[in-house]
Structure formats: structure tokens, C-alpha cells
Amino acid sequence: MKESDPILEVENLSASTDNLPILKGVSLTVYPGEIHAIMGRNGCGKSTLSKIIAGHPSYNITNGYIKFLGENINSLEPEERSQSGIFLGFQYPIEIPGVSNLEFLRVSTNARRKFLNKEELDTFDFEELVKEKLEIVKMDHAFLSRSVNQGFSGGEKKRNEILQMALLEPKIAILDETDSGLDIDALRIVASGIKKISNAQTGIILITHYQRLLDEIKPNYVHVMSDGQIIKTGESDLALELEEKGYEWTDNFIKET
Amino acid sequence: MVNENLVKDVVKEPYKYGFVTDIETEKIEKGLNEDIIKLISQKKEEPKFLLDFRLKAFKKWQKMKEPDWAALGYKKIDYQDIIYYSAPKQKEKLSSLDEVDPKLLETFDKLGIPLTEQKKLTNVAVDAVFDSVSIATTFREELAEHGVIFCSISEAVKNHADLIEKYLGTVVPTSDNYFAALNSAVFSDGSFVYIPKGVTCPMDLSSYFRINSGDSGQFERTLIIAEESSSVSYLEGCTAPMFDTNTLHAAVVELIALDDASIKYSTVQNWYAGDEEGIGGIFNFVTKRGKCLGKRSKISWSQVETGSAITWKYPSCLLLGEESVGEFYSVALTNNLQQADTGTKMIHIGPKTKSTIVSKGISAGNSKNSYRGLVKMGTKATGSRNYSQCDSMLIGDQASANTFPYIKSQQPNSEIEHEASTCRISEDQLFYLQSRGIEFEEAVSMMVSGFCRDVFNQLPMEFAAEADKLLALKLEGSVG
């Protein structure tokens with residue numbers, strides 16, 4: 001028995017886009033302080049699962065539910081989910097020309113603060129806050145005056161995602177291949193950033209292909225997804241085994257089930 | 001797509017300035033002929049040269065054909081079914097603002113342009129035009145101390161006839177085009193600005209045009225003269241009530257900049273655009289042109305066009321003076337069944353002249369938004385340069401955007417650069433902003449103002465804020 005209530009409960013979730021089933025009965029429960037890793041081949045439904053939890057409008061939930069802090073959030077808008085503490089770190093952060101990164105971060109942070117009944121920050125106060133958070137991801141102040149993600153390198157985009165996570169202080173963060181496209185130094189910075197932001201009250205889901213991120217952030221559980229289902233769950237050594245044997249090894253599990 | 005519909009809902013917006021002021025007006029009978037023109041001229045107690053100017057223009061107009069080359073479709077205008085002079089009834093000569101009908105003051109109050117001494121805007125002098133006449137001009141004495149003349153054009157005709165006779169029609173000749181000829185024949189009022197040599201105008205000057213009558217056209221005329229080494233920033237705002245008929249607005253604006261003078265002319269146009277089915281709205285056929293006569297003179301147009309059922313407008317620069325500079329910064333937003341055909345002409349005549357064009361078109365609903373521009377390098381324009389950038393943003397899948405850039409160069413030793421792009425607000429961008437807690441409406445409006453940033457940066461500060469708000473308002477609505 002766990003002592004506290006779960007942050008996230010995904011129960012028998014099935015979902016489709018354009019009538020094409022993508023998720024076929026996924027169940028996953030995350031408790032405070034836990035780190036879960038989800039691995040699996042490209043196209044197995046990992047990213048879709050993360051987008052559906054964040055409320056992407058292109059997917060329809062056909063069965064099952066998502067509960068966040070005990071509430072069913074199936075019908076909540078993406079912004080409501082974010083405000084209440086769900087964070088999705090994008091695999092490919094989107095460029096938004098003309099919108100200043102600083103203003104974007106401020107509006108976003110204030111939306112979350114408003115939900116938490118905290119005072120909204122004006123430009124000056126926000127500058128102070130963001131300066132502190134920039135340290136966590138070792139980003140230069142100059143990034144703030146540029147358009148959101150525009151002209152950022154792959155690594156800079158990912159660090160900008162972690163900066164957003166640091167500002168929003170989510171209850172749960174789902175990080176979709178945050179490690180891909182990062183060199184070793186950037187990976188360390190991002191990983192240590194994630195560790196600094198998370199605590200005993202937060203949950204983290206890492207979607208990844210690589211052991212190297214899991215070397216930095218040790219997961220409590222590793223789930224292997226295939227064809228829209230979680231086919232195996234284990235502890236952190238499962239990832240090592242997977243790294244060694246490849247996804248072909250997991251094909252056997254499908255046959256077993 | 002779910003979001004496609006949401007975007008459509010968001011771009012619906014109620015028009016805030018659609019009220020009619022209930023005021024007794026003096027109108028002349030409908031129709032247009034020589035007698036009507038004589039009557040207008042007589043009502044305004046004009047000198048003979050001006051009546052001759054009008055009659056000459058009318059003769060030319062009668063021989064001209066309404067242009068049909070623009071990418072616009074509308075029902076033929078019946079020029080005999082329009083009232084060419086309409087003025088609120090008030091005392092003949094007003095000695096102070098206290099004598100202005102309170103209803104008129106109240107109207108401008110409601111539009112956010114308070115005129116009374118206690119409430120007037122502190123940093124901007126305002127000329128308020130209601131239908132065919134100018135109601136009041138603020139800060140006149142203060143401006144006069146600097147030698148700046150800012151008054152209605154009717155007053156200028158009386159008090160500064162020499163300047164009017166010298167400059168009127170020198171930038172936009174009476175026969176320039178169909179609508180300019182019509183305006184020259186029947187123009188009623190508008191603003192006049194004269195900045196003397198060496199003077200930097202101590203505050204922004206502003207005209208606010210209000211159409212109130214449904215059946216009368218508005219034909220204002222603006223003339224701005226900047227003498228050597230002077231500079232001025234001029235702002236123009238427009239609104240009109242909601243009628244289910246179309247109202248014709250055909251204005252002419254002439255700017256003249258002498259050696260080292262600079263004129264910055266900014267417009268926020270928010271005429272009534274018609275309803276969702278395209279019923280009603282202003283037909284806006286405007287000729288705006290600036291003449292950089294002097295060396296190193298500069299004329300800069302910035303415009304935010306959000307209203308009107310039809311917009312036909314090409315603020316242009318004639319670059320005569322050596323090293324003179326022309327600029328055009330434009331945001332045109334169309335929604336529902338609005339149509340806009342707008343752009344600029346940069347005519348490089350003198351050597352080492354420079355022009356910049358930045359145009360941002362946003363089309364939503366079933367609207368049609370075209371950029372049409374001409375860049376011409378004359379034979380003597382050696383060493384001249386132009387840079388044009390035309391970007392279109394589409395919202396939804398029913399709107400259309402066109403770009404018609406015309407380039408004519410007779411001078412091999414000149415440079416012309418043109419860049420164009422078209423984009424759509426993508427579902428991924430919206431989702432990204434939403435997944436960061438930003439409401440759908442705000443996400444759309446953030447992206448739209450981001451798209452317009454280059455132009456908004458050119459607007460005077462108060463105007464930039466207003467323009468941003470106006471676009472947000474136009475994009476506001478109930479989210480699904």
C-alpha cells in the first residue's frame with residue numbers, strides 16, 4: 001500500500017485519431033516522488049500517450065480515463081490541465097515567430113500562478129524569477145528576448161522546455177524524448193535541471209530511447225510499450241536489459257500476452 | 001478539426017462603435033451635379049479658385065470610369081443616391097468648445113476621444129470630424145506658439161488661402177483617379193497641417209473621422225505641409241455606426257515634405273465592416289500620397305486596417321528629392337466577408353532614394369485580402385534602393401490572401417528586393433501555447449500580434465497599444 005494518493009491514474013486508456021486506434025488499453029499510475037520511464041519503438045504510442053494526457057485535440061479517447069489528483073480530466077482543455085499542474089515537455093518544441101520568449105514565459109507562468117491563487121507577476125518581478133530559473137538550465141539571458149524557440153538549436157529548445165518546467169512547477173511532468181538531440185554536456189545540464197525541479201511531491205514520466213538519460217535520472221519503474229499497450233513493467237534494470245537485448249527481445253512478450 | 005471551428009468562433013467580434021448619434025443634421029438633397037457642387041462651395045463660403053478647382057475635377061470625373069482592376073467584388077455604386085453634404089446643426093460661429101452641442105462631445109467621449117478642456121488627451125492635439133464638418137480642434141493656441149497651423153481644411157481655406165492654393169492638388173491631381181476626382185469635386189472637410197521651417201511639432205497631431213449618417217458619403221481632404229527641417233507625427237482614427245446599407249468614404253490625403261523634413265502618418269482604420277453575411281459596412285476608397293520634394297526628406301506611412309466592407313487604398317510616396325526616404329508599414333485584417341485590396345506605390349525619381357515596404361495581411365472567415373504594390377525606379381534614380389516584405393497569415397480554411405507586387409525599373413544602377421511569405425496558425429502552435437496554460441483566445445491573439453510586431457513597432461506608442469487591443473478585440477469571441 002502506498003501512503004499517499006496517486007498524482008496520475010491512466011486506466012485502460014484507448015484513443016484514436018482519424019478513426020485510427022493508437023492506444024489500446026494503457027494503464028499507468030504515478031505516485032508522488034516516483035519517476036517512470038516509458039520506452040519502446042518509434043510509433044508504439046509513447047508520444048501519443050503524452051499528448052493525450054496533455055489534452056491534444058487531435059485524439060479521441062474511445063475508452064478508459066485519465067485521473068489527475070483524483071479528478072477525471074478527460075474533458076479538460078489543454079490550458080486547464082497545464083494550469084492545474086500537468087506539464088508536457090515536447091519532443092519537438094514548436095517555433096512561434098514574433099512572440100517574445102520572455103512574454104510567453106510570463107503569461108504562461110502567470111496562468112499557473114493564478115490557478116494556485118498566487119499573485120501574478122509583472123515584467124520586473126518576473127525578470128527576477130526567470131533569472132533564478134535560467135541558472136538551473138544554464139541558459140543565457142539573451143534567449144528571453146528572442147521569439148519562442150525560433151532559431152534555437154535542438155539543445156536550446158530542450159533547455160527552454162526545462163526552463164518552462166522550472167517556472168510552472170508542475171505536479172507531474174511528462175518529458176517526451178527530452179534527451180534526444182542533446183550532446184553529453186547538454187544532457188547533464190538537462191538531467192540535473194530535472195532533478196532540481198522534482199521533489200517528493202512531484203511525479204515524472206520520462207519517455208526515452210536511451211539508457212544514458214536513465215543513468216542520470218534513475219527511474220523507479222520502466223514500462224515497455226508496443227502497439228499502443230504497455231507490454232512489460234519492471235524496475236530500472238529493465239532498461240539496462242532492454243539496451244542490451246534490443247526491442248526484438250520485447251517482441252516475445254507480445255506473443256506471450 | 002475541432003480547433004478550426006474554435007478559430008472561427010474566436011474571430012467573431014461585436015463592433016463597439018456602431019451607435020448612431022441622434023442629432024439634428026443639415027443635409028442637402030441626394031445626387032451630384034454642378035449645382036450641388038456650387039451649393040457645397042457656397043455653404044463653406046469658399047473663394048473662387050476653390051470652386052473652379054471643384055468644377056474642373058467634376059468635369060474630369062464625369063469622363064472617367066470607375067476602376068475595376070482591384071481584386072474586389074461589390075454592387076455598383078449609385079452616385080446619384082448619395083448625399084454629398086451633411087452637417088450637425090449648430091450655431092454659425094463657435095467661439096469655444098462650450099458652444100459645441102453636448103451630444104457631439106458625448107459622441108467623441110464614447111469613442112474615447114474626449115475634446116473638452118478638462119478631459120482632453122494631454123499629449124495629442126485632436127481635430128474631430130463628424131460627417132462633413134470639423135467639430136473642434138484642441139491645443140490650437142499651444143501649437144500656434146510654435147507657428148504650427150492645425151485646423152480644419154475649411155478654416156484653412158478662409159485663413160490660409162495662399163497655402164491651400166499653392167499646394168492643394170499638387171500631390172494628388174484632380175484627374176489622378178476616379179475617386180480622387182470625386183473627392184476633389186465634393187470634399188467637405190478634413191484636416192490641415194502646416195509645420196514651419198525648422199520646427200519639430202511639440203505634440204502628435206490627430207484627426208478622428210466619424211461617419212454618423214447612413215445615406216451621406218464622407219469625402220474628407222487632408223493636407224500636410226512640412227517645411228524645411230521640420231517634423232511631425234500625425235495620427236488618424238476612424239469609426240462609423242452600423243447600417244445595413246453601404247456608405248461611401250472617398251478621402252484624399254496629400255503630404256508634402258521639403259528639404260530634411262519628415263512626416264510620419266499613422267492610421268488605425270476601424271470603419272464598420274458589415275455583418276457576418278456581408279450586409280452593410282463602409283466602402284473605403286482612399287487616395288493617400290506623399291511627395292518627398294526636398295533633399296533628404298522622409299515620409300512614413302503606417303496603417304492598421306481592420307474595418308470597412310471594402311478597402312481600396314494605396315498610401316504612396318513620390319521620392320523626388322535626392323536621398324529622400326519613403327516607408328510603408330501596414331497591417332490589414334479582414335474577417336467574415338470583408339475585402340481589402342491595399343498596398344503602396346514607391347516611385348523613385350531622384351537619385352539615392354530609399355524605400356521600405358512591410359505589409360502584413362491577416363485573413364479570417366471568408367474574407368479576401370490582397371496586397372498590391374508598385375515599386376518604380378525612374379531613369380534618374382541612380383543608386384536607389386527598395387526593400388519589400390509581404391507576409392500573409394490565413395486563419396481557417398475559407399479565407400484568401402493574394403500578393404500582387406509590380407516592379408518597374410528603368411535604372412540599372414538601383415536595387416529592388418522583394419520577399420513574400422504565407423503562413424497559417426497551426427494546430428501545433430496553438431496546442432503548444434495552450435499546453436502552457438495560455439487560453440485559446442489569448443494564444444491566437446498572441447500569435448497575430450507576433451505576426452504584426454514589425455509594423456506595430458513603427459506606430460506611435462499610444463497607437464501601438466490601441467492597435468494591439470483592436471486586433472485582440474477583432475479576434476475576441478466566445479470559445480466553443
# chains A, B, ... in the order shown; residues from 1 in each chain; ligands from 1

call {"tool": "closest_atom_pairs", "arguments": {"of": "chain A", "to": "chain B", "cutoff": "6 Å", "atoms": "only C-alpha atoms", "output": "Markdown table"}}
result
| residue | atom | partner | partner_atom | distance |
| --- | --- | --- | --- | --- |
| A:Pro78 | CA | B:Ser435 | CA | 5.1 |
| A:Glu79 | CA | B:Gly437 | CA | 3.9 |
| A:Ser82 | CA | B:Gly437 | CA | 4.8 |
| A:Gln83 | CA | B:Gly437 | CA | 5.1 |
| A:Gly98 | CA | B:Gly450 | CA | 3.8 |
| A:Val99 | CA | B:Gly450 | CA | 4.7 |
| A:Ser108 | CA | B:Arg436 | CA | 5.4 |
| A:Ala111 | CA | B:Gly437 | CA | 5.6 |

call {"tool": "write_last_selection", "arguments": {"atoms": "C-alpha atoms", "output": "mmCIF file, in the first residue's frame"}}
result
data_model
loop_
_atom_site.group_PDB
_atom_site.id
_atom_site.type_symbol
_atom_site.label_atom_id
_atom_site.label_comp_id
_atom_site.auth_asym_id
_atom_site.auth_seq_id
_atom_site.Cartn_x
_atom_site.Cartn_y
_atom_site.Cartn_z
ATOM 1 C CA PRO A 78 -5.100 21.663 -22.511
ATOM 2 C CA GLU A 79 -4.700 25.047 -20.784
ATOM 3 C CA SER A 82 -1.419 22.936 -17.585
ATOM 4 C CA GLN A 83 -2.761 25.415 -15.069
ATOM 5 C CA GLY A 98 7.095 37.186 -33.369
ATOM 6 C CA VAL A 99 6.086 36.122 -29.840
ATOM 7 C CA SER A 108 2.309 31.004 -19.043
ATOM 8 C CA ALA A 111 -1.707 31.381 -15.774
#

call {"tool": "residues_around", "arguments": {"residues": "Thr123 in chain A", "least_positions_apart": "2", "cutoff": "12 Å", "atoms": "only C-alpha atoms", "output": "MDAnalysis selection string"}}
result
chainID A and resid 102:107 109:110 120:121 125:130

call {"tool": "write_last_selection", "arguments": {"atoms": "N, CA and C atoms", "output": "PDB file, in the first residue's frame"}}
result
ATOM      1  N   LEU A 102      10.246  35.788 -23.509  1.00  0.00           N
ATOM      2  CA  LEU A 102      10.030  36.309 -22.163  1.00  0.00           C
ATOM      3  C   LEU A 102       8.538  36.497 -21.880  1.00  0.00           C
ATOM      4  N   GLU A 103       7.846  37.115 -22.838  1.00  0.00           N
ATOM      5  CA  GLU A 103       6.421  37.381 -22.650  1.00  0.00           C
ATOM      6  C   GLU A 103       5.644  36.057 -22.577  1.00  0.00           C
ATOM      7  N   PHE A 104       6.003  35.131 -23.442  1.00  0.00           N
ATOM      8  CA  PHE A 104       5.378  33.809 -23.442  1.00  0.00           C
ATOM      9  C   PHE A 104       5.548  33.130 -22.084  1.00  0.00           C
ATOM     10  N   LEU A 105       6.766  33.158 -21.573  1.00  0.00           N
ATOM     11  CA  LEU A 105       7.038  32.514 -20.283  1.00  0.00           C
ATOM     12  C   LEU A 105       6.263  33.197 -19.161  1.00  0.00           C
ATOM     13  N   ARG A 106       6.153  34.515 -19.261  1.00  0.00           N
ATOM     14  CA  ARG A 106       5.471  35.259 -18.208  1.00  0.00           C
ATOM     15  C   ARG A 106       3.970  34.960 -18.205  1.00  0.00           C
ATOM     16  N   VAL A 107       3.361  35.002 -19.397  1.00  0.00           N
ATOM     17  CA  VAL A 107       1.919  34.735 -19.492  1.00  0.00           C
ATOM     18  C   VAL A 107       1.623  33.322 -19.002  1.00  0.00           C
ATOM     19  N   THR A 109       3.490  31.414 -16.971  1.00  0.00           N
ATOM     20  CA  THR A 109       3.732  31.301 -15.529  1.00  0.00           C
ATOM     21  C   THR A 109       2.580  31.921 -14.740  1.00  0.00           C
ATOM     22  N   ASN A 110       2.102  33.073 -15.214  1.00  0.00           N
ATOM     23  CA  ASN A 110       1.004  33.736 -14.511  1.00  0.00           C
ATOM     24  C   ASN A 110      -0.292  32.939 -14.568  1.00  0.00           C
ATOM     25  N   GLU A 120      -0.022  37.354  -9.505  1.00  0.00           N
ATOM     26  CA  GLU A 120       0.566  37.345 -10.845  1.00  0.00           C
ATOM     27  C   GLU A 120       1.736  38.323 -10.882  1.00  0.00           C
ATOM     28  N   LEU A 121       2.733  37.994 -11.689  1.00  0.00           N
ATOM     29  CA  LEU A 121       3.961  38.783 -11.674  1.00  0.00           C
ATOM     30  C   LEU A 121       4.002  39.791 -12.814  1.00  0.00           C
ATOM     31  N   ASP A 125       9.110  41.832 -11.721  1.00  0.00           N
ATOM     32  CA  ASP A 125       9.182  40.716 -10.782  1.00  0.00           C
ATOM     33  C   ASP A 125       9.462  39.408 -11.516  1.00  0.00           C
ATOM     34  N   PHE A 126       8.859  39.306 -12.700  1.00  0.00           N
ATOM     35  CA  PHE A 126       9.070  38.070 -13.447  1.00  0.00           C
ATOM     36  C   PHE A 126      10.531  37.930 -13.879  1.00  0.00           C
ATOM     37  N   GLU A 127      11.118  39.051 -14.278  1.00  0.00           N
ATOM     38  CA  GLU A 127      12.537  39.040 -14.668  1.00  0.00           C
ATOM     39  C   GLU A 127      13.397  38.440 -13.557  1.00  0.00           C
ATOM     40  N   GLU A 128      13.086  38.834 -12.335  1.00  0.00           N
ATOM     41  CA  GLU A 128      13.823  38.316 -11.176  1.00  0.00           C
ATOM     42  C   GLU A 128      13.696  36.801 -11.080  1.00  0.00           C
ATOM     43  N   LEU A 129      12.436  36.352 -11.189  1.00  0.00           N
ATOM     44  CA  LEU A 129      12.156  34.923 -11.056  1.00  0.00           C
ATOM     45  C   LEU A 129      12.856  34.135 -12.166  1.00  0.00           C
ATOM     46  N   VAL A 130      12.752  34.649 -13.378  1.00  0.00           N
ATOM     47  CA  VAL A 130      13.258  33.889 -14.509  1.00  0.00           C
ATOM     48  C   VAL A 130      14.797  33.837 -14.472  1.00  0.00           C
TER      49      VAL A 130
END

call {"tool": "residues_around", "arguments": {"residues": "range 62-75 of chain A", "least_positions_apart": "2", "cutoff": "7 Å", "atoms": "only C-alpha atoms", "output": "JSON, numbers by chain"}}
result
{"A": [6, 7, 8, 9, 10, 11, 12, 13, 14, 15, 16, 60, 77]}

call {"tool": "closest_residue", "arguments": {"among": "A:Gly45, A:Gly151, A:Gly55, A:Pro93", "to": "Ile207 in chain A", "atoms": "only C-alpha atoms"}}
result
A:Gly45

call {"tool": "atom_distance", "arguments": {"atom1": "CA of Phe90 in chain A", "atom2": "CA of Ser236 in chain A"}}
result
23.4 Å

call {"tool": "closest_residue", "arguments": {"among": "B:Phe219, B:Phe192, B:Phe139, B:Phe187", "to": "Leu163 in chain B", "atoms": "only C-alpha atoms"}}
result
B:Phe192

call {"tool": "residues_around", "arguments": {"residues": "Lys376 in chain B", "least_positions_apart": "4", "cutoff": "10 Å", "atoms": "only C-alpha atoms", "output": "list in words"}}
result
Leu318, Lys345, Met346, Ile347, His348, Ile349, Ala381, Asn386, Tyr406, Ile407, Lys408, Ser409, Gln410, Gln411 and Ile416 of chain B

call {"tool": "write_last_selection", "arguments": {"atoms": "N, CA and C atoms", "output": "PDB file, in the first residue's frame"}}
result
ATOM      1  N   LEU B 318       6.122  59.670 -53.531  1.00  0.00           N
ATOM      2  CA  LEU B 318       6.860  60.122 -54.701  1.00  0.00           C
ATOM      3  C   LEU B 318       8.198  60.624 -54.195  1.00  0.00           C
ATOM      4  N   LYS B 345       2.611  52.472 -53.378  1.00  0.00           N
ATOM      5  CA  LYS B 345       3.436  52.726 -54.563  1.00  0.00           C
ATOM      6  C   LYS B 345       4.652  53.527 -54.107  1.00  0.00           C
ATOM      7  N   MET B 346       5.819  53.061 -54.463  1.00  0.00           N
ATOM      8  CA  MET B 346       7.038  53.799 -54.174  1.00  0.00           C
ATOM      9  C   MET B 346       7.629  54.199 -55.511  1.00  0.00           C
ATOM     10  N   ILE B 347       7.537  55.475 -55.815  1.00  0.00           N
ATOM     11  CA  ILE B 347       8.014  55.953 -57.111  1.00  0.00           C
ATOM     12  C   ILE B 347       9.350  56.665 -56.894  1.00  0.00           C
ATOM     13  N   HIS B 348      10.410  56.014 -57.268  1.00  0.00           N
ATOM     14  CA  HIS B 348      11.747  56.584 -57.092  1.00  0.00           C
ATOM     15  C   HIS B 348      12.084  57.443 -58.305  1.00  0.00           C
ATOM     16  N   ILE B 349      12.191  58.750 -58.083  1.00  0.00           N
ATOM     17  CA  ILE B 349      12.504  59.655 -59.180  1.00  0.00           C
ATOM     18  C   ILE B 349      13.917  60.220 -59.004  1.00  0.00           C
ATOM     19  N   ALA B 381      16.954  57.679 -61.039  1.00  0.00           N
ATOM     20  CA  ALA B 381      17.027  57.158 -59.668  1.00  0.00           C
ATOM     21  C   ALA B 381      18.264  56.302 -59.462  1.00  0.00           C
ATOM     22  N   ASN B 386      15.177  49.671 -52.840  1.00  0.00           N
ATOM     23  CA  ASN B 386      13.878  49.336 -52.241  1.00  0.00           C
ATOM     24  C   ASN B 386      13.982  47.970 -51.584  1.00  0.00           C
ATOM     25  N   TYR B 406       4.189  44.771 -58.255  1.00  0.00           N
ATOM     26  CA  TYR B 406       4.616  45.206 -59.588  1.00  0.00           C
ATOM     27  C   TYR B 406       5.965  45.902 -59.438  1.00  0.00           C
ATOM     28  N   ILE B 407       6.896  45.558 -60.285  1.00  0.00           N
ATOM     29  CA  ILE B 407       8.216  46.173 -60.222  1.00  0.00           C
ATOM     30  C   ILE B 407       8.575  46.695 -61.602  1.00  0.00           C
ATOM     31  N   LYS B 408       8.916  47.990 -61.664  1.00  0.00           N
ATOM     32  CA  LYS B 408       9.344  48.562 -62.945  1.00  0.00           C
ATOM     33  C   LYS B 408      10.644  49.296 -62.705  1.00  0.00           C
ATOM     34  N   SER B 409      11.695  48.904 -63.397  1.00  0.00           N
ATOM     35  CA  SER B 409      12.950  49.601 -63.202  1.00  0.00           C
ATOM     36  C   SER B 409      13.510  50.098 -64.524  1.00  0.00           C
ATOM     37  N   GLN B 410      13.760  51.397 -64.571  1.00  0.00           N
ATOM     38  CA  GLN B 410      14.384  51.984 -65.758  1.00  0.00           C
ATOM     39  C   GLN B 410      15.809  52.389 -65.436  1.00  0.00           C
ATOM     40  N   GLN B 411      16.292  51.977 -64.294  1.00  0.00           N
ATOM     41  CA  GLN B 411      17.606  52.403 -63.836  1.00  0.00           C
ATOM     42  C   GLN B 411      18.390  51.166 -63.390  1.00  0.00           C
ATOM     43  N   ILE B 416      16.295  46.417 -56.095  1.00  0.00           N
ATOM     44  CA  ILE B 416      14.943  46.150 -55.614  1.00  0.00           C
ATOM     45  C   ILE B 416      14.925  44.747 -55.024  1.00  0.00           C
TER      46      ILE B 416
END

call {"tool": "residues_around", "arguments": {"residues": "Pro460 in chain B", "least_positions_apart": "4", "cutoff": "12 Å", "atoms": "only C-alpha atoms", "output": "JSON, numbers by chain"}}
result
{"B": [123, 124, 203, 204, 205, 206, 232, 233, 234, 235, 236, 264, 265, 266, 267, 268, 300, 301, 302, 303, 455, 456, 464, 465, 466, 467]}

call {"tool": "select_by_dssp", "arguments": {"residues": "range 273-349 of chain B", "states": "strand (DSSP E or B)", "output": "ChimeraX atom specification"}}
result
/B:281-292,298-305,310-313,316-319,325-334,339-348

call {"tool": "write_last_selection", "arguments": {"atoms": "C-alpha atoms", "output": "PDB file, in the first residue's frame"}}
result
ATOM      1  CA  GLY B 281     -20.308  48.416 -43.974  1.00  0.00           C
ATOM      2  CA  ILE B 282     -18.188  51.215 -45.332  1.00  0.00           C
ATOM      3  CA  PHE B 283     -16.807  51.280 -48.854  1.00  0.00           C
ATOM      4  CA  ASN B 284     -13.428  52.825 -48.316  1.00  0.00           C
ATOM      5  CA  PHE B 285     -11.809  54.200 -51.474  1.00  0.00           C
ATOM      6  CA  VAL B 286      -8.936  56.343 -50.414  1.00  0.00           C
ATOM      7  CA  THR B 287      -6.067  58.060 -52.211  1.00  0.00           C
ATOM      8  CA  LYS B 288      -3.147  58.840 -49.940  1.00  0.00           C
ATOM      9  CA  ARG B 289       0.076  60.109 -51.334  1.00  0.00           C
ATOM     10  CA  GLY B 290       3.148  61.868 -50.068  1.00  0.00           C
ATOM     11  CA  LYS B 291       5.638  63.890 -52.042  1.00  0.00           C
ATOM     12  CA  CYS B 292       9.215  63.899 -50.801  1.00  0.00           C
ATOM     13  CA  LYS B 298      11.175  61.408 -45.362  1.00  0.00           C
ATOM     14  CA  ILE B 299       7.574  60.261 -45.447  1.00  0.00           C
ATOM     15  CA  SER B 300       6.493  57.238 -43.474  1.00  0.00           C
ATOM     16  CA  TRP B 301       3.037  55.651 -43.683  1.00  0.00           C
ATOM     17  CA  SER B 302       1.918  53.175 -41.089  1.00  0.00           C
ATOM     18  CA  GLN B 303      -1.565  51.761 -41.158  1.00  0.00           C
ATOM     19  CA  VAL B 304      -3.654  49.253 -39.269  1.00  0.00           C
ATOM     20  CA  GLU B 305      -6.687  48.445 -41.374  1.00  0.00           C
ATOM     21  CA  ILE B 310     -14.236  47.172 -48.922  1.00  0.00           C
ATOM     22  CA  THR B 311     -10.816  48.723 -48.608  1.00  0.00           C
ATOM     23  CA  TRP B 312      -9.148  50.199 -51.685  1.00  0.00           C
ATOM     24  CA  LYS B 313      -6.144  52.080 -50.508  1.00  0.00           C
ATOM     25  CA  SER B 316       2.247  56.057 -51.735  1.00  0.00           C
ATOM     26  CA  CYS B 317       5.437  58.073 -51.870  1.00  0.00           C
ATOM     27  CA  LEU B 318       6.860  60.122 -54.701  1.00  0.00           C
ATOM     28  CA  LEU B 319      10.565  60.253 -53.984  1.00  0.00           C
ATOM     29  CA  VAL B 325      13.093  58.145 -47.952  1.00  0.00           C
ATOM     30  CA  GLY B 326       9.666  56.529 -48.241  1.00  0.00           C
ATOM     31  CA  GLU B 327       8.269  53.931 -45.856  1.00  0.00           C
ATOM     32  CA  PHE B 328       5.096  51.882 -45.732  1.00  0.00           C
ATOM     33  CA  TYR B 329       4.193  49.663 -42.795  1.00  0.00           C
ATOM     34  CA  SER B 330       0.820  48.005 -42.961  1.00  0.00           C
ATOM     35  CA  VAL B 331      -1.336  45.523 -41.092  1.00  0.00           C
ATOM     36  CA  ALA B 332      -4.610  44.643 -42.790  1.00  0.00           C
ATOM     37  CA  LEU B 333      -7.005  42.307 -41.003  1.00  0.00           C
ATOM     38  CA  THR B 334     -10.080  41.038 -42.834  1.00  0.00           C
ATOM     39  CA  GLN B 339     -12.416  42.553 -48.873  1.00  0.00           C
ATOM     40  CA  ALA B 340      -9.226  44.524 -48.838  1.00  0.00           C
ATOM     41  CA  ASP B 341      -7.030  45.465 -51.778  1.00  0.00           C
ATOM     42  CA  THR B 342      -4.319  47.562 -50.260  1.00  0.00           C
ATOM     43  CA  GLY B 343      -0.638  48.275 -50.624  1.00  0.00           C
ATOM     44  CA  THR B 344       1.599  51.084 -51.705  1.00  0.00           C
ATOM     45  CA  LYS B 345       3.436  52.726 -54.563  1.00  0.00           C
ATOM     46  CA  MET B 346       7.038  53.799 -54.174  1.00  0.00           C
ATOM     47  CA  ILE B 347       8.014  55.953 -57.111  1.00  0.00           C
ATOM     48  CA  HIS B 348      11.747  56.584 -57.092  1.00  0.00           C
TER      49      HIS B 348
END

call {"tool": "residues_around", "arguments": {"residues": "Asp35 in chain B", "least_positions_apart": "2", "cutoff": "12 Å", "atoms": "only C-alpha atoms", "output": "list in words"}}
result
Ile28, Glu29, Lys30, Gly31, Leu32, Asn33, Ile37, Lys38, Leu39, Ile40, Ser41, Gln42, Leu51, Arg54, Leu55, Phe58, Tyr84, Ala185 and Val186 of chain B

call {"tool": "residues_around", "arguments": {"residues": "Gly321 in chain B", "least_positions_apart": "6", "cutoff": "7 Å", "atoms": "only C-alpha atoms", "output": "number ranges by chain"}}
result
B: 292-297, 350

call {"tool": "write_last_selection", "arguments": {"atoms": "C-alpha atoms", "output": "short mmCIF file (atom, residue, chain, number, x, y, z; two decimals), in the first residue's frame"}}
result
data_model
loop_
_atom_site.label_atom_id
_atom_site.label_comp_id
_atom_site.auth_asym_id
_atom_site.auth_seq_id
_atom_site.Cartn_x
_atom_site.Cartn_y
_atom_site.Cartn_z
CA CYS B 292 9.21 63.90 -50.80
CA LEU B 293 10.03 67.10 -52.61
CA GLY B 294 13.11 68.10 -50.67
CA LYS B 295 16.51 66.56 -50.33
CA ARG B 296 16.77 64.00 -47.52
CA SER B 297 13.07 64.36 -46.79
CA GLY B 350 15.51 61.29 -57.54
#

call {"tool": "closest_residue", "arguments": {"among": "B:Lys89, B:Arg424, B:Lys380, B:Arg140", "to": "Lys352 in chain B", "atoms": "only C-alpha atoms"}}
result
B:Lys380

call {"tool": "atom_distance", "arguments": {"atom1": "CA of Pro202 in chain B", "atom2": "CA of Thr222 in chain B"}}
result
20.0 Å
